[in-house]
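Participant: Would you mind keeping the following structure in view while I ask a few things?
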There are 2 protein chains.
Amino acid sequence: MTSGGEHPGLTDLGRCPLPTIGVVRTGRTTTETTPVQSSLNEEELGVAEIDEQFREALAGRADFDYLWLITWLGCTGDPVPPPLTQVPFLLRPQRRSMGILATRGPRRPNPIGLSLVRLVRVDGTSISFQGVDMVDGTPLLDVKPYVARFDRPPGEPRSGWFDGVETPRSVTPEQLLGRGDAITGW
Amino acid sequence: MTSGGEHPGLTDLGRCPLPTIGVVRTGRTTTETTPVQSSLNEEELGVAEIDEQFREALAGRADFDYLWLITWLGCTGDPVPPPLTQVPFLLRPQRRSMGILATRGPRRPNPIGLSLVRLVRVDGTSISFQGVDMVDGTPLLDVKPYVARFDRPPGEPRSGWFDGVETPRSVTPEQLLGRGDAITGW
């Protein structure tokens, strides 16, 4: 295993405190210009490059339509610790703040990312997927199969403040900033 | 922030390499006697005790029906690294092994747990939930709201080998072992 900072191309992203299993390659370079959620940007292609030493761990990967990518989002050089209340990207137009544990934002006590992506193809140790919400070079901590019986609650669960906001397709933080004005907490 | 090992009662579970935001309290004491998935044990109550310093981070938590608990499952003193192919709990009866990245098992390169739980009540910094699949004292790394628009793929996605196995309610690894015989890779 290698730490995130030792991956080629990750020098600008700083170090990850956990061993990584690979790196996510996308066409996005900054958080502000990257769609806020994979499920809102469900066509854009990315590749999870798994380290060669974990090739064997991919056995049995066939016939899953979706995966969870567990990533480390804390390598942007932000000051630590992050504010406990922040204006989430999707509430920028309203300038409403929320406790960080009631958001899906990346600046968290542990900046662990959870992205639901559609599995397109596995070529050796390269997992092609659709659903990009991470910048190129994001350290990959884990890949878990999406299992409908485990991951889909019954009925139509309420999703708190998310139920009252627009979630435009492929929207980026930068675009959401344009709808509001000065932001605190970010 | 405190590391997992500094939480009262966590001395037997070893240390967590990331700062924790709290600890999960359940009535389960060993992995072998703990149900394998929260969604298969959706009535049993547990409590996520958030550290007092993160109280403010819970603001806005209302009106979410489900949460993701992101936990650290690597504090059991297992040898590192885990095998890259293992017999998942649910395949013990068949003695079939899978690549660990095609399973939801706890022994992974990064033993990060992902549990979908139903939010029952928030009392101060105590989050009561239904859906126990973790032992008492499991370090809590993050809590994320379940957001149907983000976390529910369309249609009826295929879930690989999980689609071909029984998933009895509240089943534990110990019970699954009883259906098979000697196990390798665990």
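For the structure tokens, the naming scheme is as follows: chains receive sequential letters (A, B, ...) according to their order of presentation, residues are indexed from 1 within each chain, and ligands are indexed from 1 in presentation order.
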Could you tell me which residues of chain A sit within 7 Å of chain B when counting only C-alpha atoms, and give me the result as an MDAnalysis selection string?

Facilitator: chainID A and resid 37 39 54 56:65 84:85 98:104 110 116 141:148 150:152 157:160

Participant: Determine which residues of region 21-88 of chain B receive a DSSP assignment of strand (DSSP E), computed from the backbone, and state them as a list in words.

Facilitator: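 So, restricting region 21-88 of chain B to strand (DSSP E), we get Gly22, Val23, Val24, Arg25, Leu45, Gly46, Val47, Ala48, Glu49, Ile50, Tyr66, Leu67, Trp68, Leu69, Ile70, Thr71, Trp72, Thr85 and Gln86 of chain B.
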
Participant: Produce a file of the selected residues containing all heavy atoms, as a short mmCIF file (atom, residue, chain, number, x, y, z; two decimals), in the first residue's frame.

Facilitator:
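Ended up saving to out-v9.cif:
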data_model
loop_
_atom_site.label_atom_id
_atom_site.label_comp_id
_atom_site.auth_asym_id
_atom_site.auth_seq_id
_atom_site.Cartn_x
_atom_site.Cartn_y
_atom_site.Cartn_z
N GLY B 22 -17.00 10.15 17.41
CA GLY B 22 -17.81 9.55 18.46
C GLY B 22 -17.66 8.05 18.44
O GLY B 22 -16.68 7.51 17.91
N VAL B 23 -18.64 7.39 19.00
CA VAL B 23 -18.56 5.94 19.17
C VAL B 23 -19.98 5.37 19.04
O VAL B 23 -20.96 6.04 19.38
CB VAL B 23 -17.92 5.60 20.54
CG1 VAL B 23 -18.80 6.08 21.69
CG2 VAL B 23 -17.59 4.14 20.67
N VAL B 24 -20.09 4.16 18.53
CA VAL B 24 -21.39 3.52 18.37
C VAL B 24 -21.61 2.55 19.53
O VAL B 24 -20.76 1.72 19.83
CB VAL B 24 -21.50 2.77 17.02
CG1 VAL B 24 -22.92 2.23 16.84
CG2 VAL B 24 -21.13 3.69 15.87
N ARG B 25 -22.75 2.72 20.18
CA ARG B 25 -23.12 1.85 21.29
C ARG B 25 -24.21 0.89 20.83
O ARG B 25 -25.24 1.30 20.31
CB ARG B 25 -23.64 2.67 22.47
CG ARG B 25 -22.58 3.57 23.10
CD ARG B 25 -21.46 2.72 23.68
NE ARG B 25 -20.39 3.52 24.28
CZ ARG B 25 -19.22 3.03 24.64
NH1 ARG B 25 -18.93 1.74 24.47
NH2 ARG B 25 -18.30 3.81 25.17
N LEU B 45 -32.05 -1.55 18.05
CA LEU B 45 -31.66 -0.17 18.37
C LEU B 45 -30.19 -0.05 18.74
O LEU B 45 -29.63 -0.92 19.42
CB LEU B 45 -32.50 0.33 19.54
CG LEU B 45 -33.94 0.71 19.21
CD1 LEU B 45 -34.78 0.75 20.48
CD2 LEU B 45 -34.00 2.05 18.49
N GLY B 46 -29.60 1.03 18.29
CA GLY B 46 -28.25 1.42 18.70
C GLY B 46 -28.21 2.92 18.90
O GLY B 46 -29.17 3.63 18.59
N VAL B 47 -27.10 3.39 19.41
CA VAL B 47 -26.94 4.83 19.63
C VAL B 47 -25.56 5.25 19.13
O VAL B 47 -24.55 4.64 19.48
CB VAL B 47 -27.07 5.20 21.13
CG1 VAL B 47 -26.89 6.71 21.32
CG2 VAL B 47 -28.41 4.75 21.69
N ALA B 48 -25.54 6.29 18.30
CA ALA B 48 -24.27 6.91 17.92
C ALA B 48 -24.05 8.09 18.86
O ALA B 48 -24.81 9.06 18.84
CB ALA B 48 -24.34 7.38 16.47
N GLU B 49 -23.04 7.95 19.72
CA GLU B 49 -22.72 9.02 20.67
C GLU B 49 -21.68 9.93 20.04
O GLU B 49 -20.53 9.54 19.86
CB GLU B 49 -22.16 8.41 21.97
CG GLU B 49 -23.06 7.42 22.66
CD GLU B 49 -24.09 8.10 23.56
OE1 GLU B 49 -24.23 9.34 23.49
OE2 GLU B 49 -24.76 7.37 24.33
N ILE B 50 -22.11 11.14 19.72
CA ILE B 50 -21.20 12.10 19.09
C ILE B 50 -20.44 12.86 20.19
O ILE B 50 -21.02 13.24 21.20
CB ILE B 50 -22.00 13.10 18.22
CG1 ILE B 50 -22.92 12.35 17.24
CG2 ILE B 50 -21.06 14.05 17.49
CD1 ILE B 50 -22.20 11.51 16.23
N TYR B 66 -33.15 8.47 7.18
CA TYR B 66 -32.04 7.50 7.21
C TYR B 66 -30.70 8.23 7.21
O TYR B 66 -30.58 9.35 6.71
CB TYR B 66 -32.10 6.55 5.99
CG TYR B 66 -33.21 5.54 6.12
CD1 TYR B 66 -34.50 5.84 5.69
CD2 TYR B 66 -32.98 4.29 6.67
CE1 TYR B 66 -35.54 4.92 5.82
CE2 TYR B 66 -33.99 3.37 6.81
CZ TYR B 66 -35.27 3.68 6.38
OH TYR B 66 -36.27 2.76 6.52
N LEU B 67 -29.72 7.55 7.77
CA LEU B 67 -28.36 8.07 7.84
C LEU B 67 -27.38 6.99 7.39
O LEU B 67 -27.66 5.79 7.53
CB LEU B 67 -27.99 8.43 9.29
CG LEU B 67 -28.88 9.41 10.05
CD1 LEU B 67 -28.39 9.53 11.49
CD2 LEU B 67 -28.86 10.77 9.36
N TRP B 68 -26.24 7.44 6.90
CA TRP B 68 -25.10 6.55 6.73
C TRP B 68 -24.18 6.73 7.93
O TRP B 68 -23.78 7.86 8.22
CB TRP B 68 -24.31 6.89 5.46
CG TRP B 68 -25.05 6.72 4.19
CD1 TRP B 68 -25.52 7.72 3.38
CD2 TRP B 68 -25.36 5.49 3.51
NE1 TRP B 68 -26.13 7.18 2.27
CE2 TRP B 68 -26.05 5.83 2.33
CE3 TRP B 68 -25.15 4.16 3.82
CZ2 TRP B 68 -26.50 4.85 1.43
CZ3 TRP B 68 -25.61 3.19 2.93
CH2 TRP B 68 -26.27 3.54 1.76
N LEU B 69 -23.84 5.65 8.58
CA LEU B 69 -22.79 5.69 9.60
C LEU B 69 -21.51 5.16 8.97
O LEU B 69 -21.48 4.03 8.45
CB LEU B 69 -23.16 4.84 10.82
CG LEU B 69 -24.45 5.21 11.56
CD1 LEU B 69 -24.60 4.35 12.82
CD2 LEU B 69 -24.51 6.69 11.92
N ILE B 70 -20.47 5.98 8.99
CA ILE B 70 -19.17 5.58 8.46
C ILE B 70 -18.31 5.23 9.67
O ILE B 70 -18.06 6.09 10.53
CB ILE B 70 -18.51 6.73 7.66
CG1 ILE B 70 -19.49 7.37 6.67
CG2 ILE B 70 -17.24 6.24 6.98
CD1 ILE B 70 -19.73 6.62 5.42
N THR B 71 -17.91 3.99 9.75
CA THR B 71 -17.24 3.51 10.96
C THR B 71 -15.87 2.92 10.64
O THR B 71 -15.54 2.68 9.47
CB THR B 71 -18.10 2.42 11.65
OG1 THR B 71 -18.38 1.39 10.70
CG2 THR B 71 -19.41 3.01 12.16
N TRP B 72 -15.10 2.70 11.69
CA TRP B 72 -13.79 2.05 11.53
C TRP B 72 -13.87 0.65 12.13
O TRP B 72 -14.15 0.49 13.31
CB TRP B 72 -12.70 2.86 12.23
CG TRP B 72 -11.33 2.30 11.96
CD1 TRP B 72 -10.55 1.59 12.82
CD2 TRP B 72 -10.58 2.42 10.74
NE1 TRP B 72 -9.37 1.25 12.20
CE2 TRP B 72 -9.36 1.74 10.93
CE3 TRP B 72 -10.83 3.02 9.50
CZ2 TRP B 72 -8.38 1.66 9.94
CZ3 TRP B 72 -9.86 2.93 8.50
CH2 TRP B 72 -8.65 2.26 8.73
N THR B 85 -8.61 -12.13 -1.21
CA THR B 85 -9.85 -12.87 -1.47
C THR B 85 -10.26 -13.55 -0.17
O THR B 85 -9.40 -14.03 0.58
CB THR B 85 -9.69 -13.93 -2.59
OG1 THR B 85 -8.73 -14.89 -2.16
CG2 THR B 85 -9.23 -13.31 -3.89
N GLN B 86 -11.54 -13.54 0.09
CA GLN B 86 -12.07 -14.10 1.34
C GLN B 86 -13.41 -14.75 1.05
O GLN B 86 -14.06 -14.45 0.05
CB GLN B 86 -12.29 -12.98 2.37
CG GLN B 86 -11.03 -12.21 2.77
CD GLN B 86 -11.33 -11.02 3.69
OE1 GLN B 86 -12.38 -10.98 4.35
NE2 GLN B 86 -10.43 -10.06 3.71
#

Participant: Leaving out Thr34 (chain A) and any residue of its chain fewer than 4 positions from it, which residues lie within 9 Å of it when counting only C-alpha atoms, given as a compact mmCIF listing (two decimals) with N, CA and C atoms, in the first residue's frame?

Facilitator:
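Here's the written file out.txt:
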# COMPACT_ATOMS: atom_id res chain seq x y z
N ARG A 28 -11.83 16.60 -14.19
CA ARG A 28 -12.08 17.79 -13.36
C ARG A 28 -10.83 18.13 -12.56
N THR A 29 -10.58 19.42 -12.39
CA THR A 29 -9.33 19.80 -11.74
C THR A 29 -9.50 20.61 -10.46
N THR A 30 -10.66 21.23 -10.25
CA THR A 30 -10.85 21.99 -9.02
C THR A 30 -12.22 21.64 -8.43
N VAL A 132 -19.28 11.43 -12.11
CA VAL A 132 -18.07 12.10 -11.60
C VAL A 132 -18.45 13.22 -10.64
N ASP A 133 -17.94 13.15 -9.41
CA ASP A 133 -18.06 14.27 -8.48
C ASP A 133 -16.77 14.45 -7.69
N MET A 134 -15.67 14.03 -8.29
CA MET A 134 -14.38 14.20 -7.61
C MET A 134 -13.34 14.71 -8.60
N VAL A 135 -12.37 15.44 -8.08
CA VAL A 135 -11.32 15.97 -8.94
C VAL A 135 -10.34 14.87 -9.30
N SER A 170 -25.59 18.09 -12.96
CA SER A 170 -24.18 18.43 -13.17
C SER A 170 -23.80 19.79 -12.60
N VAL A 171 -24.60 20.32 -11.69
CA VAL A 171 -24.31 21.65 -11.16
C VAL A 171 -23.00 21.61 -10.36
N THR A 172 -22.24 22.71 -10.46
CA THR A 172 -20.97 22.82 -9.74
C THR A 172 -21.09 23.88 -8.65
N PRO A 173 -20.20 23.83 -7.65
CA PRO A 173 -20.19 24.87 -6.62
C PRO A 173 -20.08 26.28 -7.21
N GLU A 174 -19.25 26.41 -8.23
CA GLU A 174 -19.05 27.72 -8.86
C GLU A 174 -20.37 28.26 -9.41

Participant: What separation in Å, quoted to one decimal, exists between CA of Gln130 (chain A) and CA of Pro88 (chain A)?

Facilitator: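 So the answer is 23.8 Å.
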
Participant: Rounded to one decimal, what separation in Å do you get between CA of Glu32 (chain A) and CA of Asp51 (chain A)?

Facilitator: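 It comes out at 27.8 Å.
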
Participant: Once DSSP has gone over the backbone, tell me which residues of chain A are in alpha helix (DSSP H), as a PyMOL selection string.

Facilitator: chain A and resi 148-151+173-178

Participant: Next, dump the selected residues to file, keeping only N, CA and C atoms, as a compact mmCIF listing (two decimals), in the first residue's frame.

Facilitator:
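Dumped everything to selection_15.txt:
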# COMPACT_ATOMS: atom_id res chain seq x y z
N ALA A 148 -28.58 -3.64 -3.58
CA ALA A 148 -29.90 -3.03 -3.43
C ALA A 148 -30.56 -3.44 -2.11
N ARG A 149 -30.39 -4.69 -1.73
CA ARG A 149 -31.05 -5.15 -0.50
C ARG A 149 -30.49 -4.47 0.75
N PHE A 150 -29.26 -4.00 0.67
CA PHE A 150 -28.63 -3.37 1.83
C PHE A 150 -28.77 -1.84 1.80
N ASP A 151 -28.73 -1.28 0.60
CA ASP A 151 -28.49 0.16 0.47
C ASP A 151 -29.72 0.96 0.07
N PRO A 173 -20.20 23.83 -7.65
CA PRO A 173 -20.19 24.87 -6.62
C PRO A 173 -20.08 26.28 -7.21
N GLU A 174 -19.25 26.41 -8.23
CA GLU A 174 -19.05 27.72 -8.86
C GLU A 174 -20.37 28.26 -9.41
N GLN A 175 -21.14 27.39 -10.05
CA GLN A 175 -22.42 27.82 -10.61
C GLN A 175 -23.39 28.20 -9.49
N LEU A 176 -23.36 27.47 -8.40
CA LEU A 176 -24.26 27.77 -7.28
C LEU A 176 -23.86 29.07 -6.60
N LEU A 177 -22.57 29.36 -6.56
CA LEU A 177 -22.11 30.63 -6.01
C LEU A 177 -22.67 31.79 -6.82
N GLY A 178 -22.72 31.60 -8.12
CA GLY A 178 -23.23 32.65 -9.01
C GLY A 178 -24.66 33.02 -8.72
